[in-house]
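Report on one structure; see the data block that follows.
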Amino acid sequence: MMQAVAQFAAILATALFIFSLHWMNDPKTARHAVAAGVTGMLVAVLATWFQPEIVHHGWIVLAIAAGFVVGVPLSLVPLTAVPQRTALSHAFGGLAAGLVGTAEYFLGLGENPAELTAFRMSAIVAEVILGFLTFTGSLMAAGKLQEVKWIPQRPVTYPGQNVVNIGVLVVAVGLGVVVVLHPTAPWSGHAFYVIVGLAVLFGVLLIIPIGGADMPTVISILNSYAGLSAVAMGFVLNNKLLVTAGALDGSSGLILSIIMCRAMNRSFTNVLFGAFGTVQKTAAIGEQKEWKQETVEGAAQLLEQASLVVIIPGYGMAVAQAQHKVRELYDQLTKRGITVKFAIHPVAGRMPGHMNVLLAEANIPYTALVEMDEINPEMPQCDVALVIGANDVVNPAARYKKDTPIYGMPIIDADKARAVLAIKRSKNPGFAGIDNELYVLDNTWMLFGDAKAVIGEVVKQLAGGGGLH
Amino acid sequence: MTASLMAAQAAAAEQAPVDYWSMLFVFVLATVIGLGVIRRVSRLLYTPLMSLTNAISAIAVVGSIVVTGADYPATIRILGAVALFASMTNIVSGFLITDRMLKMFKKQ
């Protein structure tokens, strides 16, 4: 009887999870997605909890309470910190899978060795390797995103890095095969710990060479691993609900990874083993052109006379927390009958969709947010392209300069606008260490300074300067 | 071995032996459905999508509940309790932050 209840609950929860993801296809229905997800989760948890073999309720209540104590504050982080929260949650997902896999192995070893069949052992080893490498890899990613002091932000590379990384993984998998074949040998328990240790190490090594611009891809890949580790747990526990929910998460991570890679014109392996930051700086361009600086007054005037303004935000907007000032600028311009659109590059920011969330937070209607592919044909009609803290995603060198690391990357055609205003924090080159040709074009004017301060000044000009013109 | 553990194992033994082929079948079907559904997700919503799928994959909570709550040795159950804590954190923070973000997406 309870068995049937559990099976029915699993089917119901699976259906709810699929509907949940389905409702994410439109911002109008998206909030149903959360309701469906929560309901599915509740059904699954209760059906499991009421199974007769669950006898220690106190521990469960404690662990769930602790989950709430940590989970609620984690859900209240500022939206600029969402990438690191996401990485942290991938770490938690990986940890849970790794621990349950470890528990299942030692449980089998101690109580019922016959349960450790080759198939189940393979699933346990896969779960533990995926789980622990996701755990430490995601922790490292979260640390880099949070700019924790003792984790280097810049990619760390050394000769033979890829050989070391792949070597560690190969040894872990090789040991895994041995343990699968001899799950109950006297040394198997120790070998199992070594596998855990190698997976933990591999996660760290995998993320050390990754830089900030690759984070959207890496977070998506870790998302996928977290899902796959849940799938492996499903195989270990013979639980179809775990398999389906994990597969949904895994395929989501996979699709996002593919989209991110495509948006950078790079392959998975290139992101993970290519160490973006090490690409040698391109030789200084022969005719080093000078950029032209513009004043906020001039910028305000230019914007005021436009009929179509396209704003191109990047990570710099997030760092400066400028989204609310951007909203004020948006209000000032739309009030004058100027059309304002936001051009969103898929890898702008530090995770997929990062810019959309920040702009939505500032109450900018989502109908004003336009994807790269849709905005590019409109760029020649654009009077002013305003670049806020974006760099590589608007660099025209990506189109033709074969020796830059961003060659082939699809970009937003800011250079095709009639005029370009670019706000930049400092005069240093962007993340990829390359000069941005956009900044020295004839129709580009630079505004140097903190994005929030600069836009604030422009807004002040627009708001107060009505009588000046 | 305690009575309840024996009961649990007897109950497990009554079920059909684990059918790995049907598990693989479920995995492949779920992946195909997942790819189909995710492909249609609005590009605006990729950040909340990630926190939502993260909360959903914290369904690992059901495995953790079994490991924590069944009559197993204490060391095993400690591992389960930590896993349960980690999954629960993901469920709570994942759904809450997803809803918080989705609330912000307004048409006008």
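Quick note on naming: the chains in the structure tokens go A, B, ... in the order shown, residues restart at 1 in each chain, and ligands are numbered from 1 in order of appearance.
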Per-residue nearest contacts of chain A to chain B (6 Å; only C-alpha atoms) as CSV:
```
residue,atom,partner,partner_atom,distance
A:His22,CA,B:Val37,CA,5.6
A:Met24,CA,B:Val41,CA,5.3
A:Asn25,CA,B:Val41,CA,3.9
A:Asp26,CA,B:Ser42,CA,5.6
A:Val45,CA,B:Val62,CA,5.9
A:Glu53,CA,B:Ala70,CA,5.4
A:Ile54,CA,B:Ala70,CA,4.5
A:Val55,CA,B:Gly69,CA,5.6
A:His56,CA,B:Gly69,CA,4.5
A:Ala63,CA,B:Phe85,CA,4.8
A:Ile64,CA,B:Phe85,CA,5.9
A:Gly67,CA,B:Thr89,CA,4.2
A:Gly71,CA,B:Thr89,CA,4.4
A:Val72,CA,B:Ser93,CA,5.5
A:Leu74,CA,B:Ser93,CA,5.7
A:Ser75,CA,B:Ser93,CA,4.5
A:Ser89,CA,B:Asn90,CA,5.7
A:Phe92,CA,B:Ala86,CA,5.1
A:Ala96,CA,B:Ala83,CA,4.0
A:Leu99,CA,B:Leu79,CA,5.7
A:Ala103,CA,B:Ile76,CA,5.2
A:Val243,CA,B:Phe27,CA,5.8
A:Thr244,CA,B:Ala30,CA,5.2
A:Ala245,CA,B:Ser57,CA,5.4
A:Gly246,CA,B:Ser57,CA,5.2
A:Ala247,CA,B:Thr31,CA,5.2
A:Leu248,CA,B:Gly34,CA,4.7
A:Asp249,CA,B:Thr53,CA,5.1
A:Ser251,CA,B:Leu35,CA,5.5
A:Ser252,CA,B:Ile38,CA,5.9
A:Pro352,CA,B:Tyr46,CA,5.5
A:Gly353,CA,B:Tyr46,CA,4.7
A:Asn356,CA,B:Leu44,CA,5.8
A:Ala360,CA,B:Phe105,CA,5.3
A:Glu361,CA,B:Met104,CA,5.5
A:Pro365,CA,B:Lys107,CA,4.8
A:Tyr366,CA,B:Lys107,CA,5.7
```
**Asked** Can you list every residue in segment 197-287 of chain A that DSSP puts in helix (DSSP H, G or I), as a PyMOL selection string?
**Response** chain A and resi 197-207+212-237+240-264+268-273+276-278
**Lys427 of chain A environment, 10 Å, only C-alpha atoms, sequence neighbours closer than 3 positions dropped, as a PyMOL selection string** = chain A and resi 291+424+430+435+446+448-449
